[in-house]
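Q: Have a look at this one.
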Amino acid sequence: MARERVLVTGGAAGIGLATVERCRADGYDVVSIDRVGDGIIADLADADQTAEALALALKGGPITRLVNNVGTVRPASIEEQTLEDFDVVMRLNVRCAMQCLQAVLPGMKDAGFGRVVNVSSRAALGKELRTVYAGSKAALQGLAKVWALELGQHGITANAIGPGPIKTELFDRVNPADSPRTKAIIEAVPVRRLGTPEDIANSVAFFLHKDSGFITGQVLYVCGGMTVGVVGA
């Protein structure tokens, strides 16, 4: 019997890599698309390269689970944020997610089953110096809610995860360890630590499971308690 297939974008490092490893441990056939690594190589910020990579991924058979994880951040104040920043971040963080779902959706509908997980961010609730990043991550939450409404009748769920501060290469690059701002972030986490990529992969695995079919259109903040008292305020 063929193993069920999962597509993880940005699966070469950080949360993506932890998700790939967790999915493999759970018995899935995992396809990763990233600019580097041992999966399909493509620049997902480029729509044409994305289309070619998706066509290659689907040659191996239908994909019924999708993790829209790939992303980038260009921190800047609103005065300094550029339109180029906006275009780059939205192409990779948002357009890619929609393009990937459109490619795998026929296989999900044929199977009468699908799981979509958008990796958003706690920054969607607001974070200084993150105008375009926060906007893109809020968009991923909105996409998941619309897809949940449109696709539920086909046995397809769509949810989003909002990681808090997770110790990845991306986090370290934009949050220097010796920065007072970084130290303040850690001190603001009720569990008093940064999250790990494995913390997020565990939550992704929950949404991907076949038994999670009655949960859709939801946003799960995996943030060590940082959103307590914030959501809905």
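In the structure tokens, chains take the letters A, B, ... in the order shown, each chain's residues start at 1, and ligands count up from 1 in the order shown.
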Might you pull out every residue within 9 Å of Gly71 in chain A, with only C-alpha atoms counted and same-chain residues fewer than 2 positions away left off, and present them as a PyMOL selection string?

A: chain A and resi 9-10+68-69+73+89+92-94+119+133

Q: Can you list, as number ranges by chain, every residue of range 13-232 of chain A that DSSP puts in strand (DSSP E or B)?

A: A: 29-34, 40-41, 65-68, 76, 114-119, 130, 156-163, 166, 195, 219-222

Q: Please produce an output containing C-alpha atoms for each residue in the selection, written as a PDB file, in the first residue's frame.

A:
```
ATOM      1  CA  ASP A  29       6.042   9.989   2.129  1.00  0.00           C
ATOM      2  CA  VAL A  30       7.408  13.533   2.397  1.00  0.00           C
ATOM      3  CA  VAL A  31       8.202  15.915  -0.447  1.00  0.00           C
ATOM      4  CA  SER A  32      10.100  19.077   0.423  1.00  0.00           C
ATOM      5  CA  ILE A  33      10.585  22.086  -1.843  1.00  0.00           C
ATOM      6  CA  ASP A  34      13.246  24.618  -0.933  1.00  0.00           C
ATOM      7  CA  ILE A  40      13.105  19.482  -4.877  1.00  0.00           C
ATOM      8  CA  ILE A  41      15.185  22.603  -5.452  1.00  0.00           C
ATOM      9  CA  ARG A  65      -1.396  16.880   2.984  1.00  0.00           C
ATOM     10  CA  LEU A  66       0.165  20.331   2.547  1.00  0.00           C
ATOM     11  CA  VAL A  67       2.245  22.352   4.982  1.00  0.00           C
ATOM     12  CA  ASN A  68       2.712  25.931   3.772  1.00  0.00           C
ATOM     13  CA  ALA A  76      11.856  47.493   9.240  1.00  0.00           C
ATOM     14  CA  GLY A 114      -7.052  16.632   2.643  1.00  0.00           C
ATOM     15  CA  ARG A 115      -5.137  18.441   5.332  1.00  0.00           C
ATOM     16  CA  VAL A 116      -3.720  21.956   4.896  1.00  0.00           C
ATOM     17  CA  VAL A 117      -1.621  23.680   7.539  1.00  0.00           C
ATOM     18  CA  ASN A 118      -0.442  27.258   7.086  1.00  0.00           C
ATOM     19  CA  VAL A 119       2.498  28.223   9.298  1.00  0.00           C
ATOM     20  CA  ARG A 130       7.185  43.697  11.079  1.00  0.00           C
ATOM     21  CA  ILE A 156     -10.436  18.808   3.457  1.00  0.00           C
ATOM     22  CA  THR A 157      -9.476  20.801   6.549  1.00  0.00           C
ATOM     23  CA  ALA A 158      -7.404  23.975   6.654  1.00  0.00           C
ATOM     24  CA  ASN A 159      -5.836  25.402   9.786  1.00  0.00           C
ATOM     25  CA  ALA A 160      -3.043  27.740  10.777  1.00  0.00           C
ATOM     26  CA  ILE A 161      -0.370  27.642  13.430  1.00  0.00           C
ATOM     27  CA  GLY A 162       0.977  30.827  14.978  1.00  0.00           C
ATOM     28  CA  PRO A 163       4.431  30.129  16.387  1.00  0.00           C
ATOM     29  CA  ILE A 166      11.154  29.869  17.931  1.00  0.00           C
ATOM     30  CA  GLY A 195      10.269  27.430  21.424  1.00  0.00           C
ATOM     31  CA  VAL A 219      -5.503  29.242  14.480  1.00  0.00           C
ATOM     32  CA  LEU A 220      -3.388  27.530  17.128  1.00  0.00           C
ATOM     33  CA  TYR A 221      -0.829  29.777  18.796  1.00  0.00           C
ATOM     34  CA  VAL A 222       2.183  27.744  19.896  1.00  0.00           C
TER      35      VAL A 222
END
```

Q: Enumerate the residues of range 174-204 of chain A with a DSSP assignment of alpha helix (DSSP H), computed from the backbone, and present them as a PyMOL selection string.

A: chain A and resi 174+180-187+197-204

Q: Could you pull the residues within 8 Å of Ala55 in chain A, counting only C-alpha atoms, minus those fewer than 4 positions along the same chain, as a ChimeraX atom specification?

A: /A:51,59,103

Q: Rounded to one decimal, what separation in Å do you get between CA of Ala139 in chain A and CA of Ile15 in chain A?

A: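 According to the coordinates, CA of Ala139 in chain A and CA of Ile15 in chain A are separated by 19.2 Å.
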
Q: Measuring atom to atom with only C-alpha atoms, identify which of A:Ala47, A:Cys23, A:Val191, A:Ala13 is nearest to Arg35 in chain A.

A: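 Using only C-alpha atoms, the shortest distance to Arg35 in chain A belongs to A:Ala13.
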
Q: Using Å and a single decimal, report how far CA of Ser212 in chain A sits from CA of Met98 in chain A.

A: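 Pair CA of Met98 in chain A / CA of Ser212 in chain A returns 21.9 Å.
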
Q: Near Ala45 in chain A, within 8 Å and counting only C-alpha atoms, which residues show up once chain neighbours fewer than 4 positions away are dropped, as a PyMOL selection string?

A: chain A and resi 50+88+91-92+96

Q: Between A:Thr64, A:Ser120, A:Gln99, A:Gln141, which one has atoms that come closest to Ile200 in chain A, using only C-alpha atoms?

A: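 Smallest separation from Ile200 in chain A among the options: A:Ser120.
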
Q: How many Å separate CA of Glu4 in chain A from CA of Asp48 in chain A?

A: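 Separation between CA of Glu4 in chain A and CA of Asp48 in chain A: 26.4 Å.
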
Q: When you count only C-alpha atoms, which of these residues is closest to Gly164 in chain A: A:Leu101, A:Ala111, A:Val228, A:Ala177?

A: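 Once distances to Gly164 in chain A are computed over only C-alpha atoms, the minimum belongs to A:Val228.
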
Q: Which residue, A:Glu150, A:Ser77, A:Val132, A:Thr168, has the smallest gap to Glu198 in chain A when you use only C-alpha atoms?

A: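 Closest candidate: A:Thr168.
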
Q: Nearest residue to Ser136 in chain A out of A:Val6, A:Ala205, A:Leu54, A:Ala124, using only C-alpha atoms?

A: A:Ala124

Q: Excluding same-chain residues fewer than 4 positions from Leu149 in chain A, what lies within 12 Å of it counting only C-alpha atoms, as a list in words?

A: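 Answer for this query is Gly142, Leu143, Ala144, Lys145, Gln153, His154, Gly155, Ile156, Thr157, Ala158, Asn159, Ile215, Thr216, Gly217 and Gln218 of chain A.
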
Q: Could those selected residues go to a file with C-alpha atoms, as a compact mmCIF listing (two decimals), in the first residue's frame?

A:
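What ended up in out.txt:
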```
# COMPACT_ATOMS: atom_id res chain seq x y z
CA GLY A 142 -7.38 34.44 6.53
CA LEU A 143 -6.64 32.01 3.71
CA ALA A 144 -6.99 29.04 6.06
CA LYS A 145 -10.41 30.25 7.22
CA GLN A 153 -17.51 19.42 2.04
CA HIS A 154 -14.67 17.55 0.30
CA GLY A 155 -13.18 16.20 3.53
CA ILE A 156 -10.44 18.81 3.46
CA THR A 157 -9.48 20.80 6.55
CA ALA A 158 -7.40 23.97 6.65
CA ASN A 159 -5.84 25.40 9.79
CA ILE A 215 -11.05 20.83 13.40
CA THR A 216 -10.86 23.38 10.60
CA GLY A 217 -10.53 27.12 10.12
CA GLN A 218 -8.67 27.44 13.41
```
